[in-house]
Amino acid sequence: MKTAYDVVIAGAGLVGLSLAPALSRTGLSVALIDRGSMADEERSAETFDTRIYAISPGSAAFLRAVGAWQALNRERITAIESMHVEGDGGGSLDFSAYDLGERALAWIVEERDLRSALLRTARRAGVHMIGEATLDALTWSAAAGTLRLADGRVLEARLVVGADGAHSWVRQAGGIVAEPKAYGQTAVVANFECERAHHGRAHQWFRADGGVLAWLPLPGRRMSMVWSAPDALAQTLLAESEEGLSTRVAEAGRHALGMLSCITPASGFPLRFLRLPTSVALRLALVGDAAHGVHPLAGQGVNLGFGDAQSLSTVLAERGPINDAGAPILLERYARRRAEPVLAMQAVTDGLARLFGPPSPWLKALRNAGISAVDRLPLLKRALAQPALR
Ligand SMILES: Cc1cc2nc3c(=O)[nH]c(=O)nc-3n(C[C@H](O)[C@H](O)[C@H](O)COP(=O)(O)OP(=O)(O)OC[C@H]3O[C@@H](n4cnc5c(N)ncnc54)[C@H](O)[C@@H]3O)c2cc1C
């Protein structure tokens, strides 16, 4: 059986889930497919998700426009009001939301909460959701993309969107070839109960081994850690007992929040950089991690993805007399709008990850002096913060 849509989105991660209702609200018929379930997960208010996101004020505004931000439980959202960044040789840098004229530098949200709010929003917006589906084949004609599922269903769309993550099947089927580059680091994430209150302050340490340790505030006296560690160290951290990990993390952060106690199991995510030659092809657009991969040191991966979703939905909403959602002129417009912000964020995050890699003493002195110099230049600091905020 063949069903026709304006847009079929493959991948219901946070980015695909935000794009679907945004497109549906512009009057397009939209199907959203994932290999996983689209059912709401059972969750206990007592527990915290290990996966958390720092959502920028710009992304929060987009999610509000889509209708998902207001569906979140306010008590589970924490504002990052300030941030302290330390280099590996005495350099330091402070950001304050107040100084930048913002309520928060970013908002910390648990993945399961955001996912559940987006699922409800997509359903309300009339998106056709197809969970537990296996993508079998994708073919193209001048007028449409045709997606075959393993159970025999066939979906035809003017535009196929690949939102299926870093190892995108759709990207490959569309002939966009890319080799992700491993950073040789794994991000270890876990949540902790802290002895001292965090007062909405985030911490980040660039370490001498090239790794980056970040502590992000959670509700109450809790925090979430993202430790982008060299692979070997990451394996050691993941093998630690809860007590052992708590001690190591507290020491690595110089007991900035006193003693720590681990409240979620640690998980590891291998880190890769991905730059594509293009994010569009015939009747195909890529969004989110399918379109780019960045180091999580600036907490910008999903924010870039929400930026893609916002741009693509705006371009299609402003399509005027063009009633073909996959028209090449619209896709080129989308690709042009995203090229510069994606390249800029990749240059900053990849540049910082590499700057703190080599152990050379003169580079160490230079990078720490650089960090402290930026701290003394409010206009430069503001200019650096703006892309991350928006
Ligand atoms: C440790 C860590 C911390 C991070 N912290 C932050 C942060 O604080 N802020 C931030 O902005 N970003 C952060 N990021 C980045 C962020 O996690 C990613 O950028 C984001 O999750 C990408 O979302 P996505 O929807 O594009 O892809 P994904 O989340 O990978 O979703 C892809 C979806 O596609 C589905 N799928 C895949 N293949 C198929 C297939 N063949 N058929 C059907 N469905 C398929 C999957 O089931 C999944 O639902 C962090 C990353 C890491 C590793």
# chains A, B, ... in the order shown; residues from 1 in each chain; ligands from 1
>>> residues_around(residues="segment 344-361 of chain A", least_positions_apart="5", cutoff="8 Å", atoms="only C-alpha atoms", output="VMD selection string")
chain A and resid 206 to 211 273 293 to 298 300 367 387
>>> write_last_selection(atoms="C-alpha atoms", output="PDB file, in the first residue's frame")
ATOM      1  CA  PHE A 206      40.052  21.922  29.975  1.00  0.00           C
ATOM      2  CA  ARG A 207      42.461  19.242  31.140  1.00  0.00           C
ATOM      3  CA  ALA A 208      46.145  18.677  30.428  1.00  0.00           C
ATOM      4  CA  ASP A 209      45.351  15.280  28.825  1.00  0.00           C
ATOM      5  CA  GLY A 210      43.227  17.046  26.158  1.00  0.00           C
ATOM      6  CA  GLY A 211      39.962  16.046  27.836  1.00  0.00           C
ATOM      7  CA  PHE A 273      33.562  15.073  14.118  1.00  0.00           C
ATOM      8  CA  GLY A 293      28.893  16.222  14.172  1.00  0.00           C
ATOM      9  CA  VAL A 294      30.441  18.499  16.788  1.00  0.00           C
ATOM     10  CA  HIS A 295      32.424  17.937  19.983  1.00  0.00           C
ATOM     11  CA  PRO A 296      30.047  18.281  22.993  1.00  0.00           C
ATOM     12  CA  LEU A 297      32.395  20.708  24.829  1.00  0.00           C
ATOM     13  CA  ALA A 298      30.079  23.618  24.012  1.00  0.00           C
ATOM     14  CA  GLN A 300      25.708  22.633  21.005  1.00  0.00           C
ATOM     15  CA  ARG A 367      46.087  29.000  25.395  1.00  0.00           C
ATOM     16  CA  PRO A 387      26.204  32.100  18.606  1.00  0.00           C
TER      17      PRO A 387
END
>>> residues_near_ligand(ligand="ligand 1", cutoff="7 Å", atoms="only C-alpha atoms and all ligand atoms", output="PyMOL selection string")
chain A and resi 10-16+33-36+52-55+133-135+163-169+187-189+226+269-271+287-290+296+299-305
>>> select_by_dssp(residues="segment 124-359 of chain A", states="alpha helix (DSSP H)", output="PyMOL selection string")
chain A and resi 124+169-173+231-239+242-252+301-317+328-355
>>> residues_around(residues="Gly58 of chain A", least_positions_apart="6", cutoff="10 Å", atoms="only C-alpha atoms", output="list in words")
Arg64, Ala106, Asn303, Phe306, Gly307, Gln386, Pro387, Ala388, Leu389 and Arg390 of chain A
>>> select_by_dssp(residues="segment 176-288 of chain A", states="strand (DSSP E)", output="PyMOL selection string")
chain A and resi 181-194+201-206+212-218+222-230+260-262+267-275+280-281+284-286
>>> residues_around(residues="Arg76 of chain A", least_positions_apart="5", cutoff="12 Å", atoms="only C-alpha atoms", output="compact mmCIF listing (two decimals) with N, CA and C atoms, in the first residue's frame")
# COMPACT_ATOMS: atom_id res chain seq x y z
N ALA A 45 9.26 10.15 39.11
CA ALA A 45 9.71 11.51 39.46
C ALA A 45 10.92 11.47 40.38
N GLU A 46 11.16 10.29 41.00
CA GLU A 46 12.29 10.18 41.94
C GLU A 46 13.64 10.09 41.22
N THR A 47 13.60 9.64 39.96
CA THR A 47 14.87 9.36 39.27
C THR A 47 15.19 10.46 38.25
N PHE A 48 16.48 10.53 37.88
CA PHE A 48 16.92 11.51 36.88
C PHE A 48 17.49 10.78 35.67
N ASP A 49 17.25 11.32 34.49
CA ASP A 49 17.79 10.75 33.26
C ASP A 49 19.28 11.07 33.19
N ILE A 52 21.17 14.49 29.60
CA ILE A 52 20.58 15.82 29.77
C ILE A 52 21.11 16.72 28.65
N ALA A 71 5.13 22.55 27.59
CA ALA A 71 4.61 21.27 28.10
C ALA A 71 5.59 20.62 29.08
N TRP A 107 19.40 26.27 29.40
CA TRP A 107 18.48 25.58 30.31
C TRP A 107 18.81 24.10 30.29
N ILE A 108 18.96 23.49 31.46
CA ILE A 108 19.26 22.06 31.51
C ILE A 108 17.94 21.29 31.59
N VAL A 109 17.77 20.38 30.64
CA VAL A 109 16.54 19.59 30.53
C VAL A 109 16.92 18.13 30.37
N GLU A 110 16.16 17.23 31.00
CA GLU A 110 16.41 15.80 30.81
C GLU A 110 15.83 15.35 29.48
N GLU A 111 16.56 14.42 28.83
CA GLU A 111 16.13 13.98 27.50
C GLU A 111 14.72 13.39 27.53
N ARG A 112 14.45 12.52 28.52
CA ARG A 112 13.15 11.83 28.52
C ARG A 112 12.00 12.82 28.64
N ASP A 113 12.20 13.95 29.36
CA ASP A 113 11.14 14.95 29.51
C ASP A 113 10.91 15.68 28.19
N LEU A 114 12.02 16.07 27.54
CA LEU A 114 11.89 16.80 26.28
C LEU A 114 11.29 15.90 25.21
N PRO A 217 24.34 22.24 36.27
CA PRO A 217 23.43 22.18 37.42
C PRO A 217 22.11 21.47 37.12
N LEU A 218 21.69 20.62 38.05
CA LEU A 218 20.37 19.96 37.99
C LEU A 218 19.54 20.47 39.16
N PRO A 219 18.23 20.21 39.21
CA PRO A 219 17.41 20.70 40.33
C PRO A 219 17.97 20.25 41.68
N GLY A 220 17.83 21.12 42.67
CA GLY A 220 18.32 20.81 44.03
C GLY A 220 19.83 20.79 44.05
N ARG A 222 22.06 18.83 42.94
CA ARG A 222 22.48 17.76 42.03
C ARG A 222 23.18 18.39 40.83
>>> closest_atom_pairs(of="segment 113-211 of chain A", to="segment 254-267 of chain A", cutoff="8 Å", atoms="only C-alpha atoms", output="JSON lines")
{"residue": "A:Val188", "atom": "CA", "partner": "A:Ser267", "partner_atom": "CA", "distance": 5.6}
{"residue": "A:Val189", "atom": "CA", "partner": "A:Ser267", "partner_atom": "CA", "distance": 5.4}
{"residue": "A:Ala190", "atom": "CA", "partner": "A:Ala266", "partner_atom": "CA", "distance": 4.6}
{"residue": "A:Asn191", "atom": "CA", "partner": "A:Thr264", "partner_atom": "CA", "distance": 5.5}
{"residue": "A:Phe192", "atom": "CA", "partner": "A:Cys262", "partner_atom": "CA", "distance": 4.3}
{"residue": "A:Glu193", "atom": "CA", "partner": "A:Ser261", "partner_atom": "CA", "distance": 5.1}
{"residue": "A:Cys194", "atom": "CA", "partner": "A:Leu260", "partner_atom": "CA", "distance": 4.8}
{"residue": "A:Glu195", "atom": "CA", "partner": "A:Gly258", "partner_atom": "CA", "distance": 5.0}
{"residue": "A:Arg196", "atom": "CA", "partner": "A:Leu257", "partner_atom": "CA", "distance": 4.9}
{"residue": "A:Ala197", "atom": "CA", "partner": "A:Leu257", "partner_atom": "CA", "distance": 6.9}
{"residue": "A:His198", "atom": "CA", "partner": "A:Leu257", "partner_atom": "CA", "distance": 6.7}
>>> closest_residue(among="A:Val30, A:Ala157, A:Met1, A:Val315", to="Ala122 of chain A", atoms="only C-alpha atoms")
A:Val30
>>> residues_around(residues="segment 231-240 of chain A", least_positions_apart="4", cutoff="6 Å", atoms="only C-alpha atoms", output="list in words")
Gly184, Gln185, Thr186, Gly244 and Leu245 of chain A
>>> write_last_selection(atoms="N, CA, C and O atoms", output="mmCIF file, in the first residue's frame")
data_model
loop_
_atom_site.group_PDB
_atom_site.id
_atom_site.type_symbol
_atom_site.label_atom_id
_atom_site.label_comp_id
_atom_site.auth_asym_id
_atom_site.auth_seq_id
_atom_site.Cartn_x
_atom_site.Cartn_y
_atom_site.Cartn_z
ATOM 1 N N GLY A 184 39.118 10.285 19.390
ATOM 2 C CA GLY A 184 39.922 9.499 20.332
ATOM 3 C C GLY A 184 39.465 9.762 21.764
ATOM 4 O O GLY A 184 40.194 9.505 22.725
ATOM 5 N N GLN A 185 38.257 10.308 21.900
ATOM 6 C CA GLN A 185 37.703 10.591 23.229
ATOM 7 C C GLN A 185 36.307 9.972 23.336
ATOM 8 O O GLN A 185 35.608 9.821 22.333
ATOM 9 N N THR A 186 35.925 9.652 24.554
ATOM 10 C CA THR A 186 34.570 9.164 24.834
ATOM 11 C C THR A 186 33.985 10.068 25.908
ATOM 12 O O THR A 186 34.667 10.370 26.900
ATOM 13 N N GLY A 244 33.834 4.930 43.627
ATOM 14 C CA GLY A 244 35.111 5.247 42.976
ATOM 15 C C GLY A 244 34.942 6.390 41.985
ATOM 16 O O GLY A 244 35.758 7.326 41.942
ATOM 17 N N LEU A 245 33.862 6.334 41.193
ATOM 18 C CA LEU A 245 33.630 7.390 40.191
ATOM 19 C C LEU A 245 33.378 8.730 40.890
ATOM 20 O O LEU A 245 33.918 9.767 40.499
#
>>> closest_residue(among="A:Ala291, A:Val177, A:Val66, A:Ala182", to="Arg124 of chain A", atoms="only C-alpha atoms")
A:Val66
>>> atom_distance(atom1="atom CA of Gln70 of chain A", atom2="atom CA of Pro57 of chain A")
13.7 Å
>>> closest_residue(among="A:His292, A:His84, A:Arg201, A:Arg337", to="Leu274 of chain A", atoms="only C-alpha atoms")
A:His292
>>> atom_distance(atom1="atom CA of Arg171 of chain A", atom2="atom CA of Ile130 of chain A")
19.7 Å
>>> atom_distance(atom1="atom CA of Leu316 of chain A", atom2="atom CA of Ala173 of chain A")
23.2 Å
>>> closest_residue(among="A:Leu93, A:Ala117, A:Ala202, A:Ala4", to="Val154 of chain A", atoms="only C-alpha atoms")
A:Ala4
